[in-house]
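Raw contents of start.txt, compact mmCIF, C-alpha atoms:
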# COMPACT_ATOMS: atom_id res chain seq x y z
CA MET A 1 -16.59 -46.13 25.01
CA ARG A 2 -15.58 -45.60 21.40
CA PRO A 3 -14.28 -48.86 19.85
CA ILE A 4 -10.78 -48.90 18.41
CA LEU A 5 -10.49 -50.33 14.92
CA LEU A 6 -7.19 -52.02 14.14
CA PRO A 7 -5.78 -52.14 10.62
CA ASP A 8 -5.96 -55.44 8.78
CA PRO A 9 -2.62 -57.31 8.80
CA PRO A 10 -0.59 -56.92 5.60
CA SER A 11 -1.15 -59.55 2.96
CA LEU A 12 1.60 -62.11 2.66
CA SER A 13 0.66 -63.24 -0.83
CA THR A 14 2.38 -61.88 -3.91
CA GLY A 15 -0.42 -63.04 -6.17
CA VAL A 16 2.04 -64.98 -8.33
CA PRO A 17 1.63 -68.76 -8.75
CA GLU A 18 4.56 -70.75 -7.34
CA ILE A 19 5.50 -72.17 -10.73
CA PHE A 20 6.24 -68.64 -11.99
CA GLU A 21 8.21 -67.50 -8.94
CA GLN A 22 11.79 -66.52 -9.81
CA GLY A 23 14.11 -69.49 -9.38
CA GLY A 24 11.33 -72.07 -9.24
CA PRO A 25 9.43 -73.65 -6.38
CA GLN A 26 12.62 -74.56 -4.49
CA ASN A 27 13.03 -70.83 -3.72
CA VAL A 28 9.59 -70.50 -2.15
CA VAL A 29 9.45 -70.64 1.66
CA ARG A 30 6.50 -72.75 2.79
CA ARG A 31 7.55 -73.95 6.25
CA ALA A 32 9.27 -72.97 9.47
CA VAL A 33 10.97 -74.55 12.44
CA VAL A 34 10.39 -72.91 15.81
CA ILE A 35 12.97 -73.59 18.50
CA GLY A 36 11.62 -72.90 21.97
CA ASN A 37 12.98 -73.04 25.49
CA GLY A 38 9.84 -74.16 27.33
CA PHE A 39 8.85 -70.67 28.48
CA PRO A 40 5.55 -69.37 27.04
CA GLY A 41 6.83 -65.78 26.93
CA SER A 42 9.64 -66.81 24.58
CA GLU A 43 7.87 -69.43 22.51
CA ASN A 44 4.85 -67.19 21.90
CA GLN A 45 7.17 -64.63 20.29
CA SER A 46 8.52 -67.19 17.83
CA ILE A 47 5.10 -68.64 17.05
CA GLY A 48 3.70 -65.12 16.66
CA LEU A 49 6.34 -64.31 14.04
CA ALA A 50 5.68 -67.59 12.22
CA ARG A 51 2.00 -66.68 12.12
CA ALA A 52 2.75 -63.19 10.79
CA LEU A 53 4.81 -64.83 8.03
CA GLY A 54 1.82 -66.96 7.04
CA LEU A 55 3.43 -70.16 8.35
CA ALA A 56 1.19 -70.79 11.38
CA GLU A 57 -0.19 -73.99 9.90
CA ASN A 58 3.13 -75.28 8.61
CA HIS A 59 5.73 -75.11 11.35
CA LEU A 60 7.41 -77.66 13.59
CA LEU A 61 8.08 -76.89 17.26
CA TYR A 62 11.33 -78.15 18.74
CA ARG A 63 12.39 -77.41 22.29
CA VAL A 64 15.69 -76.98 24.08
CA THR A 65 15.29 -78.52 27.53
CA ARG A 66 17.41 -78.25 30.62
CA PRO A 67 17.75 -80.63 33.52
CA LYS A 68 15.33 -79.61 36.26
CA GLY A 69 14.82 -80.31 39.92
CA GLY A 70 17.20 -80.47 42.86
CA ILE A 71 20.61 -78.90 42.31
CA HIS A 72 19.79 -78.16 38.66
CA GLU A 73 17.51 -75.27 39.67
CA TRP A 74 20.70 -73.46 40.75
CA LEU A 75 22.62 -74.20 37.54
CA HIS A 76 20.54 -72.38 34.91
CA TRP A 77 23.34 -69.86 34.45
CA LEU A 78 25.43 -72.58 32.78
CA PRO A 79 25.43 -72.98 28.98
CA VAL A 80 22.72 -75.51 28.20
CA GLY A 81 25.10 -77.96 26.49
CA PHE A 82 27.49 -78.03 29.45
CA HIS A 83 24.54 -78.28 31.84
CA LYS A 84 23.30 -81.42 30.08
CA LYS A 85 26.75 -83.04 30.19
CA LEU A 86 26.95 -82.28 33.88
CA GLU A 87 23.49 -83.80 34.37
CA PHE A 88 24.64 -86.95 32.56
CA ILE A 89 27.59 -87.31 34.94
CA LEU A 90 25.49 -86.61 38.03
CA ARG A 91 22.83 -89.04 36.89
CA HIS A 92 25.32 -91.87 36.46
CA LEU A 93 26.98 -91.07 39.77
CA TYR A 94 23.55 -91.21 41.36
CA LEU A 95 22.79 -94.59 39.80
CA TYR A 96 26.19 -95.96 40.72
CA SER A 97 25.81 -94.85 44.33
CA ARG A 98 22.38 -96.47 44.56
CA LEU A 99 23.71 -99.72 43.17
CA MET A 100 26.56 -99.69 45.65
CA LEU A 101 24.23 -99.05 48.59
CA SER A 102 21.66 -101.63 47.67
CA SER A 103 21.57 -104.90 45.80
CA LYS A 104 18.12 -104.00 44.55
CA GLN A 105 17.86 -102.23 41.21
CA THR A 106 16.79 -98.64 41.56
CA LYS A 107 14.92 -97.02 38.72
CA TYR A 108 15.93 -93.47 37.82
CA ILE A 109 12.96 -91.30 36.91
CA SER A 110 13.38 -88.09 34.92
CA SER A 111 10.90 -85.29 35.07
CA GLU A 112 10.53 -82.02 33.23
CA ASN A 113 8.63 -80.64 36.20
CA GLY A 114 11.44 -81.20 38.63
CA GLY A 115 10.30 -84.44 40.27
CA SER A 116 13.94 -85.57 40.20
CA VAL A 117 17.17 -84.59 38.55
CA GLY A 118 16.52 -85.58 34.95
CA LEU A 119 15.30 -84.45 31.57
CA SER A 120 11.82 -84.73 30.19
CA SER A 121 11.12 -87.04 27.29
CA ILE A 122 9.70 -84.25 25.13
CA LEU A 123 10.63 -83.36 21.55
CA GLU A 124 14.20 -82.17 21.77
CA ALA A 125 15.87 -79.69 19.44
CA ASP A 126 18.51 -81.66 17.55
CA VAL A 127 20.89 -79.77 15.26
CA LYS A 128 21.75 -82.77 13.06
CA GLU A 129 18.08 -83.69 12.59
CA ILE A 130 17.04 -80.17 11.60
CA VAL A 131 20.06 -79.66 9.32
CA THR A 132 19.44 -83.00 7.58
CA MET A 133 15.79 -82.11 7.05
CA ALA A 134 16.69 -78.69 5.63
CA ARG A 135 19.23 -80.15 3.19
CA GLU A 136 17.35 -83.24 2.03
CA THR A 137 13.98 -81.53 1.51
CA TYR A 138 15.27 -78.30 -0.02
CA GLU A 139 14.65 -79.22 -3.67
CA LYS A 140 11.13 -80.47 -2.98
CA ASP A 141 9.91 -78.20 -0.16
CA GLY A 142 12.11 -75.13 -0.52
CA PRO A 143 14.08 -73.20 2.11
CA LEU A 144 13.42 -73.47 5.82
CA VAL A 145 12.86 -70.48 8.10
CA VAL A 146 14.23 -71.18 11.58
CA ILE A 147 12.88 -68.97 14.37
CA ALA A 148 14.40 -69.18 17.85
CA CYS A 149 13.96 -67.15 21.02
CA GLY A 150 15.79 -67.14 24.33
CA ARG A 151 19.33 -67.64 25.57
CA ASP A 152 19.18 -71.44 25.60
CA THR A 153 18.31 -71.56 21.88
CA VAL A 154 21.26 -69.46 20.68
CA SER A 155 23.77 -72.29 20.21
CA ILE A 156 21.21 -74.51 18.43
CA ALA A 157 20.05 -71.81 16.02
CA SER A 158 23.57 -70.60 15.21
CA SER A 159 24.77 -74.17 14.57
CA ILE A 160 21.91 -74.79 12.15
CA ARG A 161 22.87 -71.71 10.17
CA ARG A 162 26.56 -72.65 10.17
CA LEU A 163 25.85 -76.15 8.83
CA ALA A 164 23.03 -75.39 6.39
CA SER A 165 23.41 -71.72 5.46
CA GLU A 166 22.31 -72.29 1.85
CA ASN A 167 19.06 -73.98 2.90
CA VAL A 168 17.88 -71.97 5.92
CA PHE A 169 17.14 -68.44 7.06
CA VAL A 170 17.73 -68.19 10.80
CA VAL A 171 16.00 -65.56 12.92
CA GLN A 172 17.06 -65.12 16.55
CA ILE A 173 14.57 -63.22 18.72
CA GLN A 174 16.04 -61.41 21.74
CA HIS A 175 19.62 -60.21 21.73
CA PRO A 176 22.07 -63.15 21.77
CA ARG A 177 24.67 -60.95 23.54
CA SER A 178 27.55 -61.70 21.17
CA HIS A 179 28.50 -62.67 17.62
CA LEU A 180 25.36 -61.40 15.91
CA ASN A 181 26.78 -62.44 12.53
CA ARG A 182 25.91 -66.05 13.44
CA PHE A 183 22.30 -65.29 12.42
CA ASP A 184 20.61 -64.08 9.26
CA MET A 185 18.47 -61.72 11.34
CA VAL A 186 18.24 -60.69 14.98
CA ILE A 187 14.98 -59.20 16.26
CA THR A 188 15.25 -57.54 19.64
CA PRO A 189 13.57 -54.75 21.64
CA ARG A 190 15.18 -51.34 21.35
CA HIS A 191 15.66 -51.21 25.11
CA ASP A 192 18.16 -54.10 24.84
CA TYR A 193 20.55 -51.41 23.57
CA TYR A 194 19.95 -49.21 26.60
CA PRO A 195 23.40 -50.10 28.04
CA LEU A 196 24.98 -48.10 25.18
CA THR A 197 23.18 -44.87 26.11
CA PRO A 198 25.01 -42.12 28.03
CA GLU A 199 22.45 -42.44 30.84
CA ALA A 200 23.22 -46.13 31.27
CA GLN A 201 26.98 -45.65 30.98
CA GLU A 202 26.87 -43.27 33.92
CA GLN A 203 25.33 -46.02 36.07
CA VAL A 204 28.11 -48.52 35.40
CA PRO A 205 31.62 -48.23 36.86
CA ARG A 206 34.17 -47.73 34.11
CA PHE A 207 36.01 -50.98 34.83
CA LEU A 208 32.78 -52.96 34.31
CA ARG A 209 31.62 -51.36 31.08
CA SER A 210 33.45 -53.80 28.83
CA TRP A 211 31.48 -56.65 30.43
CA ILE A 212 28.05 -55.14 29.73
CA THR A 213 26.34 -56.30 26.53
CA PRO A 214 25.63 -55.33 23.85
CA ARG A 215 28.92 -53.58 23.23
CA GLU A 216 28.24 -52.28 19.70
CA PRO A 217 25.36 -50.44 18.01
CA PRO A 218 22.89 -52.59 16.05
CA GLN A 219 24.08 -53.90 12.70
CA ASP A 220 22.05 -53.80 9.48
CA HIS A 221 20.52 -57.23 10.04
CA VAL A 222 19.26 -56.29 13.52
CA VAL A 223 15.57 -55.33 13.68
CA LEU A 224 14.66 -53.15 16.66
CA THR A 225 11.17 -53.37 18.11
CA THR A 226 9.41 -51.30 20.74
CA GLY A 227 8.25 -54.30 22.78
CA ALA A 228 7.98 -58.07 22.60
CA LEU A 229 6.68 -59.98 19.58
CA HIS A 230 3.42 -61.91 19.95
CA GLY A 231 0.50 -63.36 18.01
CA ILE A 232 -2.08 -60.65 18.77
CA ASP A 233 -3.53 -58.75 15.80
CA TYR A 234 -6.90 -57.66 14.47
CA ALA A 235 -7.76 -61.12 13.15
CA THR A 236 -7.00 -62.93 16.43
CA LEU A 237 -8.87 -60.32 18.47
CA ARG A 238 -11.89 -60.60 16.18
CA LYS A 239 -11.83 -64.39 16.46
CA SER A 240 -11.45 -64.24 20.25
CA ALA A 241 -14.30 -61.75 20.56
CA SER A 242 -16.56 -64.26 18.86
CA ALA A 243 -15.29 -67.21 20.91
CA TRP A 244 -15.81 -65.40 24.24
CA HIS A 245 -19.01 -63.56 23.33
CA ASP A 246 -21.30 -65.48 25.68
CA GLU A 247 -19.11 -64.83 28.72
CA PHE A 248 -18.21 -61.19 28.18
CA ALA A 249 -20.91 -59.51 26.05
CA ALA A 250 -23.33 -59.02 28.94
CA LEU A 251 -20.79 -57.66 31.46
CA PRO A 252 -21.34 -54.05 32.58
CA LYS A 253 -19.14 -51.55 30.77
CA PRO A 254 -16.48 -50.38 30.89
CA LEU A 255 -14.75 -53.69 31.46
CA VAL A 256 -11.36 -53.12 33.09
CA VAL A 257 -8.88 -55.98 32.80
CA VAL A 258 -6.03 -56.25 35.31
CA ASN A 259 -3.03 -58.43 34.38
CA ILE A 260 -0.57 -59.20 37.18
CA GLY A 261 2.85 -60.67 36.47
CA TRP A 262 5.65 -61.39 38.90
CA PRO A 263 8.81 -59.66 40.19
CA ARG A 264 11.88 -59.75 37.95
CA ARG A 265 15.52 -58.87 38.44
CA ASN A 266 15.03 -55.32 37.13
CA CYS A 267 11.53 -54.86 38.53
CA ARG A 268 11.21 -56.08 42.11
CA TYR A 269 8.10 -55.71 44.24
CA GLY A 270 5.98 -57.53 46.79
CA ALA A 271 2.88 -57.05 48.91
CA ASP A 272 3.48 -53.29 48.90
CA LEU A 273 2.67 -53.02 45.20
CA ALA A 274 -0.30 -55.37 45.59
CA LYS A 275 -1.73 -53.05 48.27
CA GLN A 276 -1.06 -50.03 46.06
CA LEU A 277 -2.88 -51.74 43.21
CA THR A 278 -5.94 -52.75 45.26
CA ASP A 279 -6.21 -49.27 46.80
CA ALA A 280 -6.09 -47.69 43.33
CA LEU A 281 -8.68 -50.12 41.95
CA LEU A 282 -11.05 -49.42 44.84
CA SER A 283 -10.65 -45.69 44.17
CA VAL A 284 -11.69 -46.02 40.51
CA LEU A 285 -14.31 -48.72 41.00
CA ASP A 286 -17.23 -46.29 40.70
CA SER A 287 -16.20 -45.52 37.11
CA CYS A 288 -15.86 -49.22 36.24
CA GLY A 289 -18.70 -51.41 35.06
CA SER A 290 -16.81 -54.60 35.92
CA VAL A 291 -13.24 -55.65 36.70
CA ARG A 292 -11.55 -58.91 35.70
CA ILE A 293 -8.23 -59.78 37.35
CA ALA A 294 -5.79 -62.41 36.04
CA LEU A 295 -2.74 -63.48 38.00
CA SER A 296 0.22 -65.27 36.45
CA TYR A 297 1.16 -68.78 37.49
CA LYS A 298 4.34 -67.16 38.86
CA THR A 299 2.63 -64.39 40.83
CA PRO A 300 3.99 -64.67 44.41
CA GLU A 301 1.57 -65.83 47.08
CA LYS A 302 2.24 -62.68 49.12
CA VAL A 303 0.89 -60.65 46.18
CA SER A 304 -2.11 -62.83 45.38
CA ARG A 305 -3.05 -63.00 49.06
CA VAL A 306 -3.48 -59.22 49.18
CA ILE A 307 -5.49 -59.22 45.94
CA PHE A 308 -7.96 -61.83 47.21
CA LYS A 309 -8.22 -60.25 50.66
CA GLU A 310 -9.00 -56.74 49.39
CA LEU A 311 -11.08 -57.53 46.28
CA GLY A 312 -12.19 -61.16 46.50
CA ASP A 313 -15.67 -60.36 47.86
CA ASN A 314 -16.36 -57.28 45.75
CA PRO A 315 -19.38 -57.90 43.47
CA LYS A 316 -17.84 -55.87 40.64
CA VAL A 317 -14.61 -57.87 40.65
CA TYR A 318 -13.91 -61.33 39.25
CA ILE A 319 -10.52 -62.94 39.93
CA TRP A 320 -9.60 -65.77 37.57
CA ASN A 321 -8.65 -68.85 39.57
CA GLY A 322 -6.18 -70.25 37.04
CA GLN A 323 -8.49 -72.99 35.82
CA GLU A 324 -8.88 -73.72 32.11
CA PRO A 325 -10.02 -72.30 29.82
CA ASN A 326 -7.70 -69.34 30.15
CA PRO A 327 -9.71 -66.16 29.43
CA TYR A 328 -6.64 -64.12 28.43
CA MET A 329 -7.60 -63.73 24.76
CA GLY A 330 -11.18 -62.94 25.75
CA HIS A 331 -9.87 -60.24 28.06
CA LEU A 332 -7.82 -58.66 25.25
CA ALA A 333 -10.77 -58.76 22.86
CA TRP A 334 -13.51 -57.54 25.22
CA GLY A 335 -11.59 -55.35 27.67
CA ASP A 336 -12.19 -51.61 27.40
CA ALA A 337 -9.08 -50.66 29.39
CA PHE A 338 -6.11 -52.51 30.87
CA VAL A 339 -4.09 -52.21 34.05
CA VAL A 340 -0.80 -54.14 33.87
CA THR A 341 2.02 -54.57 36.36
CA ALA A 342 5.24 -53.01 35.10
CA ASP A 343 7.38 -56.15 35.23
CA SER A 344 6.14 -57.90 32.07
CA VAL A 345 7.23 -56.57 28.67
CA SER A 346 5.10 -59.27 26.99
CA LEU A 347 1.86 -58.50 28.88
CA ILE A 348 2.26 -54.79 28.24
CA SER A 349 3.17 -55.27 24.57
CA GLU A 350 0.11 -57.46 23.96
CA ALA A 351 -2.24 -55.02 25.70
CA CYS A 352 -0.75 -52.16 23.64
CA SER A 353 -1.49 -54.05 20.43
CA THR A 354 -5.22 -53.43 21.02
CA GLY A 355 -5.10 -49.63 20.74
CA LYS A 356 -7.17 -49.39 23.94
CA PRO A 357 -6.17 -47.50 27.12
CA VAL A 358 -3.30 -49.21 28.96
CA TYR A 359 -2.31 -48.18 32.48
CA VAL A 360 0.90 -49.43 34.09
CA ILE A 361 1.44 -49.78 37.83
CA GLY A 362 4.78 -50.28 39.51
CA GLY A 363 6.97 -48.49 37.01
CA ASP A 364 8.83 -46.83 39.88
CA HIS A 365 9.97 -50.31 40.97
CA CYS A 366 11.73 -50.91 37.64
CA LYS A 367 15.25 -49.97 36.64
CA TRP A 368 17.79 -50.32 33.86
CA LYS A 369 16.38 -51.35 30.46
CA ILE A 370 12.86 -52.12 31.73
CA ALA A 371 12.58 -48.54 32.94
CA ASP A 372 13.74 -47.41 29.49
CA PHE A 373 10.99 -49.55 27.91
CA HIS A 374 8.34 -47.79 30.01
CA LYS A 375 9.81 -44.41 29.17
CA SER A 376 9.59 -45.09 25.43
CA LEU A 377 5.92 -46.11 25.73
CA ARG A 378 5.01 -43.03 27.76
CA GLU A 379 6.74 -40.74 25.26
CA ARG A 380 4.68 -42.32 22.45
CA GLY A 381 1.46 -41.86 24.43
CA VAL A 382 0.85 -45.62 24.47
CA VAL A 383 0.64 -46.09 28.26
CA ARG A 384 -0.15 -43.99 31.31
CA PRO A 385 0.71 -44.62 34.97
CA PHE A 386 -2.12 -46.02 37.09
CA THR A 387 -2.60 -43.75 40.07
CA GLY A 388 -6.16 -44.39 41.30
CA PHE A 389 -7.41 -40.98 40.19
CA GLU A 390 -8.46 -42.07 36.68
CA ASP A 391 -11.93 -42.03 35.20
CA MET A 392 -11.95 -45.51 33.69
CA SER A 393 -14.85 -44.65 31.41
CA GLU A 394 -12.61 -42.14 29.61
CA SER A 395 -11.53 -43.42 26.21
CA TRP A 396 -8.18 -42.55 24.67
CA SER A 397 -6.30 -44.22 21.87
CA TYR A 398 -2.98 -44.42 20.05
CA PRO A 399 -1.57 -46.26 17.04
CA PRO A 400 -1.43 -49.88 18.25
CA LEU A 401 1.99 -51.47 18.55
CA SER A 402 2.59 -53.60 15.47
CA ASP A 403 6.08 -54.92 16.13
CA THR A 404 5.33 -58.44 14.92
CA ALA A 405 3.88 -57.34 11.58
CA GLU A 406 6.76 -54.91 11.02
CA ALA A 407 9.34 -57.57 11.90
CA ALA A 408 7.65 -59.99 9.50
CA MET A 409 7.95 -57.43 6.71
CA ARG A 410 11.67 -57.12 7.40
CA VAL A 411 12.03 -60.90 7.22
CA ARG A 412 10.20 -60.95 3.90
CA SER A 413 12.50 -58.24 2.53
CA ALA A 414 15.60 -60.14 3.65
CA LEU A 415 14.29 -63.33 2.06
CA ALA A 416 13.60 -61.47 -1.18
CA ALA A 417 17.19 -60.19 -1.19
CA ARG A 418 18.29 -63.85 -1.28
CA GLY A 419 15.92 -64.60 -4.14
CA TRP A 420 13.43 -66.37 -1.84
CA SER A 421 9.76 -65.57 -1.40
CA LEU A 422 7.14 -66.44 1.20
CA ARG A 423 3.93 -68.27 0.46
CA SER A 424 1.17 -68.63 2.99

So, in terms of C-alpha cells, how does the structure I just supplied come out?
Amino acid sequence: MRPILLPDPPSLSTGVPEIFEQGGPQNVVRRAVVIGNGFPGSENQSIGLARALGLAENHLLYRVTRPKGGIHEWLHWLPVGFHKKLEFILRHLYLYSRLMLSSKQTKYISSENGGSVGLSSILEADVKEIVTMARETYEKDGPLVVIACGRDTVSIASSIRRLASENVFVVQIQHPRSHLNRFDMVITPRHDYYPLTPEAQEQVPRFLRSWITPREPPQDHVVLTTGALHGIDYATLRKSASAWHDEFAALPKPLVVVNIGWPRRNCRYGADLAKQLTDALLSVLDSCGSVRIALSYKTPEKVSRVIFKELGDNPKVYIWNGQEPNPYMGHLAWGDAFVVTADSVSLISEACSTGKPVYVIGGDHCKWKIADFHKSLRERGVVRPFTGFEDMSESWSYPPLSDTAEAAMRVRSALAARGWSLRS
C-alpha cells in the first residue's frame, strides 16, 4: 500500500529572542496549566493542545475530582461543587452514625476508584492556588495559558479567568453550554451546534427548544473543529513507528487495526453490532495480511465475548488483552487501514489524523449530533462505512484532520492580539 506522508507541524517559534519581544519577557507565554476531569478522552485533548502550542514540557496538570462509589455514582449530574458539599455532609453523617453504633473508632477510607464514598487524595484543581501562581509569577515567568476540557472543569476555568484576567488566557475545550464570554476562547466540534440546524429543530418539540443548548450561533472567540483534539501528528507517529518497530515491522501487510469503544447515549449498541463486526471482518480477512483488535476498558462484556468467540482462535487476528504496554500508538503508526466503532469521536478523530483509510461500523446506531459528525466526515471523504465487502488492500487517502494544529494557530493569533507571544 502507498504510504501517506503527513505535513510537518507548523513551527511555533518566531525566531526572535525573548529579550526583543514586544513588551518584554513578561509578555512571552512559556507555560500552561491543564485542568482535567480524570477522563483520558478529555485530558488528552487538553494535553494535545498544550503540545501543539509548544508547551508539552512545561505544563502542570490539575484535576477536578468527584466523589465516587456507592450513591455518588448516581449523582454525577450535579454540579461538581455542590456534589462535593453533599459528599462532605454524607461523610460526616456516616462517621457520626458509626460512632453512635459502636464505641470503637471507625476509620473512613476514601477512594478514587469507588472503594467507598470519598474523594481521592490526588492533585486537586484549586482556583485560589492557580490564581495566586498566575499573579505572583507573571513578571518573572509571563502569562499563563489555562486549558480545560469537560463539564466538571467549567466552573474552575471560568473562575480563574474572572479573578486573574490580566495574567491568564483561558481556553475551554468542549462547549460549556452557557455564558461563553467567561472564557478567552472556546474550542468545540462543529457538531455541538447541530441543535441549531433546521434538521435538528424538527426533531425537538417546540416547547422544549429553549432548553436545548447551544441556543446561539458561535461567537468570534469560538473555534469550530471537525472532531476531537488530540496529540497525534506526524512527529508522534514517526516516533511511535520507531518505538514499535520490532513488534509490527514483520507483520503481514496490510495490517488492519480495529478499535472498539463502548455504547454512548447517542450511539447505543450491544452484541448485535459485535456480531455484525466479526461477520464483516471474516468476510474481508482474505484481503488482510493481519488484524489487530483493541477493546476499550469500557467495552461491555457482551460485546467482547462475541469478539473473542468469533475471532479469538483465528491465526490472522490478534486481540489485545489490555495489558501494558498499550499498543495504541503503535497501531496508529503501523496500521494500513482502520475499522472503528461509530460511538467514539476521539478514536475516529485520531485515526483520521493519519491520512490512511478509516472505516466506521455502527453509524446507523447513532443519532443526533454524533450522526451529524459522521455525516460531515463522509461528505469530506475522510471515512467510509464498513460493510464487509471491502478490499482491505485498496489504498485511498484524504487530507488528514488537523484540528489540533489549526486550533493552536487560533490560540496563537488570539494571544498576539493581546500583545503576548508563545515560545516553545

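Using all atoms listed in the file, the protein and nucleic acid residues lying no more than 7 Å from region 344-361 of chain A, apart from those fewer than 4 places from it along its own chain, are Ile4, Gly41, Gly227, Ala228, His230, Ile232, Asp233, Gly261, Leu332, Asp336, Ala337, Phe338, Val339, Val340, Val382, Val383, Arg384, Pro385, Phe386, Ser395, Trp396, Ser397, Tyr398, Pro399, Pro400, Leu401 and Ser402 of chain A.
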
(request) Have a look at CA of Glu216 (chain A) and CA of Gly38 (chain A) and let me know their distance in Å, one decimal. (result) 29.6 Å

(request) Compile the contact shell of Ser304 (chain A) as a PyMOL selection string: residues with an atom at most 9 Å away, counting only C-alpha atoms, same-chain residues fewer than 5 positions apart removed. (result) chain A and resi 271+274+295+299+309

(request) Grab the CA of Val256 (chain A) to CA of Asn314 (chain A) distance for me, in Å with one decimal place. (result)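 Separating CA of Val256 (chain A) from CA of Asn314 (chain A) is a distance of 14.2 Å.
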
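The spacing separating CA of Leu229 (chain A) from CA of Leu49 (chain A) amounts to 7.0 Å.
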
(message) With all atoms listed in the file as the counted atoms, please give the residues lying no more than 12 Å from region 155-158 of chain A, apart from itself and same-chain residues fewer than 4 positions off, as JSON, numbers by chain.
(response) {"A": [33, 34, 35, 36, 37, 62, 63, 64, 65, 79, 80, 81, 82, 124, 125, 126, 127, 128, 129, 130, 131, 145, 146, 147, 148, 149, 150, 151, 162, 163, 164, 165, 168, 169, 170, 171, 172, 173, 176, 177, 178, 179, 180, 181, 182, 183, 184, 185, 186]}

(request) Determine the nearest neighbour of Ala249 (chain A) from the options A:His59, A:Ser283, A:Asn321, A:Ala333, counting all atoms listed in the file. (result)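 So, comparing all the options, the nearest one is A:Ala333.
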
(request) Skip region 388-390 of chain A itself and residues of its chain fewer than 2 positions away, then list as a list of chain:residue names all residues within 6 Å of it, counting all atoms listed in the file. (result)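 Residues near the query, excluding close chain neighbours: A:Ala280, A:Ser283, A:Val284, A:Met392.
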
(request) For each of A:Glu139, A:Asp403, A:Glu324, A:Asp152, take the minimum atom-to-atom distance to Thr188 (chain A), counting only C-alpha atoms, then give the residue where this is smallest. (result)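 Using only C-alpha atoms, Thr188 (chain A) sits closest to A:Asp403.
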
(request) In the coordinate frame of the file, compute which residues have an atom within 6 Å of (-15.2, -48.3, 34.9) when using all atoms listed in the file, and state them as a VMD selection string. (result) chain A and resid 254 287 to 289 392 to 393

(request) May I have the residues at most 9 Å from (5.8, -76.1, -1.1) in the file's coordinates, counting all atoms listed in the file, as a list in words? (result)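 Output: Glu18, Pro25, Gln26, Val28, Val29, Arg30, Arg31, Lys140, Asp141, Gly142 and Arg423 of chain A.
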